[in-house]
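**Student:** Below is one structure. I have some questions about it.
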Amino acid sequence: MATGRMGALKKSGDPDLKLSTPFHLYPNGSLQLLSAEMGDDRDYTCQVTGTAEKVKATSHLRVLVTPEPPEVIPNKGTISVVDDKAHEIATCTSRNANPAPNITWYRDGEALEIPTELNGELYAVSRTVREASGLHSLTSILYLRPKKADRDAAFHCRATYHMPNGQQGQQDAAPFYLTLHYPTENVQFWVASPAAPGGWVREGDTVNLLCRGDGNPTPEYIFTLKQGKKEEKSLETNTNGNLTLRRISRNQSGLYQCEVADFDADPEVELTQKLEIRVGYLDPLELSPGENVTVSFGDSMELGCSASGDPTPKVLWTKDSIPLDQGPHLTLTNVSFTSAGIYTCEASVPKLPGLTRTRNVQLLVRGKPELKPEEMQPQGSSGWTEGDDVTLTCSARGHPMPELSWNHEGEPVNRIVSGWVQSSLKLKVTGTAAREGVACTASNHLGDTHHTFYFEAVASQAPQAGVAVMAAAVSVGLLLLVVAVFYCMRRKGRCCRSREKVPPLPPEPEPSRPGLDRPEQTGLLSGGGGGGGSSRGGHSFGDEC
């Protein structure tokens, strides 16, 4: 297959007749430009020779060039919305494209429908420039009469250009925002720090008042204070709209006013706002008769707690965190040692959470000691036994603080538990302690209180020892009896064998005696084997065995 021939095209009008784009001409008549340039955008003619008639055809080659990314230059000045004309907003340029690109303007992502004729609301002016390279650059200038709603709007421009096969490409410029000048239409004035309904704040707190107008540039804010019939007092003028009252006091209550100094605002716009600030306070509490109160056992006492403030405070008495009564007075009747302790008076302002004061009253009950013994139980189920260890405990309270003593020798352990003086004595149970008891005594200069511990049914250790000895003796006796029986049985066996070998001699006749021949006596004598003092008495014993 023929490869054709290579060459270069020459551009007409070139005085130097320099070679232009390299080409490749194939035998089938195809012409390939190896590196197309902008100058190659022209008509090309193909002529067939060697025939009777010359035949030729023309084709136009269009070279497409993608533009550079668009550049936008926004208006960095302040644009007034009160003017009745359109202002230059921004200039967008798309350079070096072929053919020339198109530019479209967008606001918050939506394309602006820009009319072709000039007007006072919205239009654009476009200009196309042919560069020396033959490429085209397009510049579009956007004119707009902005509104207040455009203060936060994002604007940008987009360049669209042609691509092969009838497609289109696009490039977006960076978004930008406008700096607008618009008058104040609304003014707000409020307490930014914690406050209660009705404008109540706590004395000593830091109070922040904020005033805001919706105009731009930020106007000046003028703060004043009106108290009763006094003249209005100027406080502060600034551009941030903040008024800070540090450690506010009760004499700063009054009607605060914020005025926005905006001379471009519509005359019908209310540029002044007012705010009533009420400073709540609570004075220190006063106690009667005082912080330390002493009362005699069985008497009555009234405790007083005076609270003053604005709004009117409420008073609550508590003891050990348990509510007792509401109001400035607390009456105690028939007081006992249980009544002694710390009473708390708490004053609070319900409208202002956290505005509270408290004071404590120490109540002492004067009286002779109250004694509380701890009963003891025997270690065993059968009762107490001499020698048992036992710990006796007595607790006492009173004012002045009582002292505890024992009538038994030992080293008691003393301590204070929840207002009680506690004494513990460790001892051994004895017969004397069981008979006389062990007594503890609580005493102060107002009197004494006694308690005696008794031990009932104390068993002695001696009878128990005798029983043990008797049991041991019985056991030994039984053992000896068993041994004796065993010995006797063996002995009886030997006697029987002797009797079989040696027959007994016949008994010697005895003379009868009258009146004495009773069967019982005869049987007894013969059975006993002890007749007539015979010399074989031992042998006869052996036979009976």
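All residue names refer to the structure tokens as shown: chains lettered A, B, ... in order, residues numbered from 1 in each chain, ligands numbered from 1 in order.
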List as an MDAnalysis selection string the protein and nucleic acid residues near Leu446 of chain A, meaning an atom at most 10 Å away when only C-alpha atoms are counted, but skip any in the same chain fewer than 2 places from it.
**Tutor:** chainID A and resid 366:369 398:400 402 443:444 448
**Student:** Can you tell me which residues surround Lys230 of chain A at a distance of at most 12 Å, considering only C-alpha atoms, apart from same-chain residues fewer than 3 positions away, and format the answer as a list of chain:residue names?
**Tutor:**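 The neighbour list is A:Leu225, A:Lys226, A:Gln227, A:Lys233, A:Gly254, A:Leu255.
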**Student:** Closest to Gly134 of chain A among A:Ala154, A:Val72, A:Val390, A:Val65, using only C-alpha atoms?
**Tutor:**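 Counting only C-alpha atoms, the residue closest to Gly134 of chain A is A:Val65.
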**Student:** Among the residues of segment 188-253 of chain A, find those DSSP assigns to strand (DSSP E) from the backbone and print them as a PyMOL selection string.
**Tutor:** chain A and resi 188-191+200-202+207-213+220-226+233-238+242-245
**Student:** Write the residues of the preceding selection, restricted to C-alpha atoms, as a compact mmCIF listing (two decimals), in the first residue's frame.
**Tutor:**
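Okay, selection-v1.txt is ready:
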# COMPACT_ATOMS: atom_id res chain seq x y z
CA GLN A 188 -34.08 45.08 68.44
CA PHE A 189 -33.05 45.65 72.08
CA TRP A 190 -32.79 42.78 74.61
CA VAL A 191 -30.97 41.36 77.66
CA TRP A 200 -35.48 41.08 86.64
CA VAL A 201 -31.74 40.58 87.18
CA ARG A 202 -29.74 39.73 90.31
CA VAL A 207 -25.71 42.30 82.65
CA ASN A 208 -25.23 42.54 78.88
CA LEU A 209 -27.69 44.63 76.86
CA LEU A 210 -27.61 44.17 73.07
CA CYS A 211 -29.05 46.58 70.51
CA ARG A 212 -29.12 45.64 66.82
CA GLY A 213 -30.26 47.50 63.72
CA GLU A 220 -24.01 54.32 65.88
CA TYR A 221 -25.93 53.15 68.96
CA ILE A 222 -26.78 55.68 71.67
CA PHE A 223 -27.64 54.27 75.15
CA THR A 224 -29.46 56.31 77.82
CA LEU A 225 -31.14 55.63 81.20
CA LYS A 226 -34.35 57.12 82.59
CA LYS A 233 -28.85 60.06 81.67
CA SER A 234 -26.46 59.37 78.79
CA LEU A 235 -24.58 56.14 79.26
CA GLU A 236 -22.56 55.16 76.18
CA THR A 237 -22.33 55.55 72.39
CA ASN A 238 -20.67 52.89 70.22
CA ASN A 242 -23.31 46.33 73.32
CA LEU A 243 -23.88 47.85 76.75
CA THR A 244 -22.27 45.96 79.66
CA LEU A 245 -23.28 46.67 83.27
**Student:** If you measure from atom CA of Glu456 of chain A to atom CA of Arg397 of chain A, what distance in Å do you get, rounded to one decimal?
**Tutor:** 28.5 Å
**Student:** Which residues come within 10 Å of segment 37-54 of chain A, counting only C-alpha atoms, excluding same-chain residues fewer than 4 positions away, as an mmCIF file with N, CA and C atoms, in the first residue's frame?
**Tutor:**
data_model
loop_
_atom_site.group_PDB
_atom_site.id
_atom_site.type_symbol
_atom_site.label_atom_id
_atom_site.label_comp_id
_atom_site.auth_asym_id
_atom_site.auth_seq_id
_atom_site.Cartn_x
_atom_site.Cartn_y
_atom_site.Cartn_z
ATOM 1 N N LEU A 9 2.219 22.867 4.208
ATOM 2 C CA LEU A 9 1.390 23.862 3.538
ATOM 3 C C LEU A 9 2.026 25.232 3.679
ATOM 4 N N LYS A 11 1.125 29.264 3.671
ATOM 5 C CA LYS A 11 0.021 30.194 3.855
ATOM 6 C C LYS A 11 0.185 31.355 2.885
ATOM 7 N N SER A 20 4.239 25.964 6.823
ATOM 8 C CA SER A 20 3.282 26.032 7.930
ATOM 9 C C SER A 20 3.053 24.634 8.489
ATOM 10 N N THR A 21 1.810 24.229 8.562
ATOM 11 C CA THR A 21 1.461 22.976 9.224
ATOM 12 C C THR A 21 1.943 21.775 8.418
ATOM 13 N N GLY A 29 -6.431 10.240 -1.570
ATOM 14 C CA GLY A 29 -6.911 11.614 -1.595
ATOM 15 C C GLY A 29 -7.146 12.234 -0.244
ATOM 16 N N SER A 30 -6.855 11.510 0.841
ATOM 17 C CA SER A 30 -7.046 12.061 2.188
ATOM 18 C C SER A 30 -5.885 12.980 2.545
ATOM 19 N N LEU A 31 -6.210 14.114 3.194
ATOM 20 C CA LEU A 31 -5.212 15.087 3.648
ATOM 21 C C LEU A 31 -5.288 15.152 5.176
ATOM 22 N N LEU A 33 -3.619 16.939 8.545
ATOM 23 C CA LEU A 33 -2.768 17.961 9.154
ATOM 24 C C LEU A 33 -2.248 17.407 10.473
ATOM 25 N N THR A 58 -14.480 21.955 -2.376
ATOM 26 C CA THR A 58 -13.945 22.795 -1.274
ATOM 27 C C THR A 58 -14.527 22.341 0.069
ATOM 28 N N SER A 59 -13.684 22.328 1.098
ATOM 29 C CA SER A 59 -14.097 21.979 2.483
ATOM 30 C C SER A 59 -13.496 22.992 3.441
ATOM 31 N N HIS A 60 -14.306 23.418 4.435
ATOM 32 C CA HIS A 60 -13.828 24.397 5.419
ATOM 33 C C HIS A 60 -13.410 23.671 6.706
ATOM 34 N N LEU A 61 -12.244 23.997 7.170
ATOM 35 C CA LEU A 61 -11.718 23.422 8.428
ATOM 36 C C LEU A 61 -11.841 24.457 9.534
ATOM 37 N N ARG A 62 -12.522 24.088 10.613
ATOM 38 C CA ARG A 62 -12.642 24.973 11.779
ATOM 39 C C ARG A 62 -11.780 24.415 12.906
ATOM 40 N N VAL A 63 -10.918 25.227 13.430
ATOM 41 C CA VAL A 63 -10.028 24.854 14.533
ATOM 42 C C VAL A 63 -10.659 25.359 15.840
ATOM 43 N N LEU A 64 -11.006 24.455 16.761
ATOM 44 C CA LEU A 64 -11.627 24.800 18.052
ATOM 45 C C LEU A 64 -10.549 24.915 19.132
ATOM 46 N N VAL A 65 -10.600 26.026 19.892
ATOM 47 C CA VAL A 65 -9.628 26.271 20.964
ATOM 48 C C VAL A 65 -10.391 26.541 22.260
ATOM 49 N N ASN A 98 -11.560 29.890 20.416
ATOM 50 C CA ASN A 98 -12.026 29.928 19.036
ATOM 51 C C ASN A 98 -13.103 28.853 18.877
ATOM 52 N N SER A 133 -3.073 36.404 17.900
ATOM 53 C CA SER A 133 -2.939 34.982 17.566
ATOM 54 C C SER A 133 -4.118 34.476 16.750
ATOM 55 N N GLY A 134 -5.084 35.317 16.531
ATOM 56 C CA GLY A 134 -6.274 34.897 15.830
ATOM 57 C C GLY A 134 -7.352 34.375 16.766
ATOM 58 N N LEU A 135 -7.038 34.194 18.048
ATOM 59 C CA LEU A 135 -8.024 33.737 19.019
ATOM 60 C C LEU A 135 -8.907 34.895 19.452
#
**Student:** At a cut-off of 12 Å, using only C-alpha atoms, what residues contact Gly198 of chain A? Leave out same-chain residues fewer than 6 positions from it and give the result as a PyMOL selection string.
**Tutor:** chain A and resi 190-191+275-280+311+351-352
**Student:** Restricting it to N, CA, C and O atoms, dump the selection as an mmCIF file, in the first residue's frame.
**Tutor:**
data_model
loop_
_atom_site.group_PDB
_atom_site.id
_atom_site.type_symbol
_atom_site.label_atom_id
_atom_site.label_comp_id
_atom_site.auth_asym_id
_atom_site.auth_seq_id
_atom_site.Cartn_x
_atom_site.Cartn_y
_atom_site.Cartn_z
ATOM 1 N N TRP A 190 -32.468 43.850 73.675
ATOM 2 C CA TRP A 190 -32.789 42.778 74.611
ATOM 3 C C TRP A 190 -31.646 42.542 75.596
ATOM 4 O O TRP A 190 -30.529 43.045 75.417
ATOM 5 N N VAL A 191 -31.961 41.741 76.636
ATOM 6 C CA VAL A 191 -30.975 41.359 77.657
ATOM 7 C C VAL A 191 -30.332 40.052 77.204
ATOM 8 O O VAL A 191 -31.007 39.028 77.085
ATOM 9 N N LEU A 275 -36.145 49.327 77.258
ATOM 10 C CA LEU A 275 -36.076 48.073 78.013
ATOM 11 C C LEU A 275 -36.052 48.394 79.502
ATOM 12 O O LEU A 275 -35.201 49.155 79.973
ATOM 13 N N GLU A 276 -37.008 47.825 80.231
ATOM 14 C CA GLU A 276 -37.091 48.024 81.684
ATOM 15 C C GLU A 276 -36.210 46.993 82.389
ATOM 16 O O GLU A 276 -36.379 45.782 82.201
ATOM 17 N N ILE A 277 -35.261 47.489 83.188
ATOM 18 C CA ILE A 277 -34.369 46.613 83.957
ATOM 19 C C ILE A 277 -34.675 46.801 85.438
ATOM 20 O O ILE A 277 -34.627 47.919 85.952
ATOM 21 N N ARG A 278 -34.985 45.669 86.119
ATOM 22 C CA ARG A 278 -35.261 45.688 87.556
ATOM 23 C C ARG A 278 -34.212 44.837 88.261
ATOM 24 O O ARG A 278 -34.084 43.653 87.966
ATOM 25 N N VAL A 279 -33.510 45.451 89.171
ATOM 26 C CA VAL A 279 -32.420 44.775 89.880
ATOM 27 C C VAL A 279 -32.974 44.199 91.185
ATOM 28 O O VAL A 279 -33.370 44.948 92.081
ATOM 29 N N GLY A 280 -33.033 42.870 91.268
ATOM 30 C CA GLY A 280 -33.478 42.226 92.492
ATOM 31 C C GLY A 280 -32.322 42.083 93.475
ATOM 32 O O GLY A 280 -31.184 41.822 93.090
ATOM 33 N N PRO A 311 -37.646 41.347 94.648
ATOM 34 C CA PRO A 311 -39.008 41.129 95.162
ATOM 35 C C PRO A 311 -38.995 40.542 96.579
ATOM 36 O O PRO A 311 -37.952 40.109 97.072
ATOM 37 N N LYS A 351 -38.675 34.588 92.064
ATOM 38 C CA LYS A 351 -38.586 35.127 90.709
ATOM 39 C C LYS A 351 -37.159 35.114 90.166
ATOM 40 O O LYS A 351 -36.967 35.180 88.943
ATOM 41 N N LEU A 352 -36.182 35.032 91.055
ATOM 42 C CA LEU A 352 -34.778 35.083 90.640
ATOM 43 C C LEU A 352 -34.052 33.863 91.194
ATOM 44 O O LEU A 352 -33.497 33.907 92.299
#
**Student:** Would you tabulate, counting only C-alpha atoms, all residues of segment 305-381 of chain A that have an atom at most 10 Å from an atom of segment 421-427 of chain A, showing the closest pair of atoms and their distance in Å to one decimal, sorted by chain then ascending number, as a tab-separated table?
**Tutor:**
residue	atom	partner	partner_atom	distance
A:Leu371	CA	A:Val421	CA	9.5
A:Lys372	CA	A:Gln422	CA	9.2
A:Pro373	CA	A:Gln422	CA	9.5
A:Glu374	CA	A:Ser424	CA	9.8
**Student:** Can you work out which one of A:Thr179, A:Asn186, A:Thr358, A:Asn102 has the shortest atom-to-atom distance to Pro146 of chain A, counting only C-alpha atoms?
**Tutor:**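 Checking each of A:Thr179, A:Asn186, A:Thr358, A:Asn102 against Pro146 of chain A, counting only C-alpha atoms, the winner is A:Thr179.
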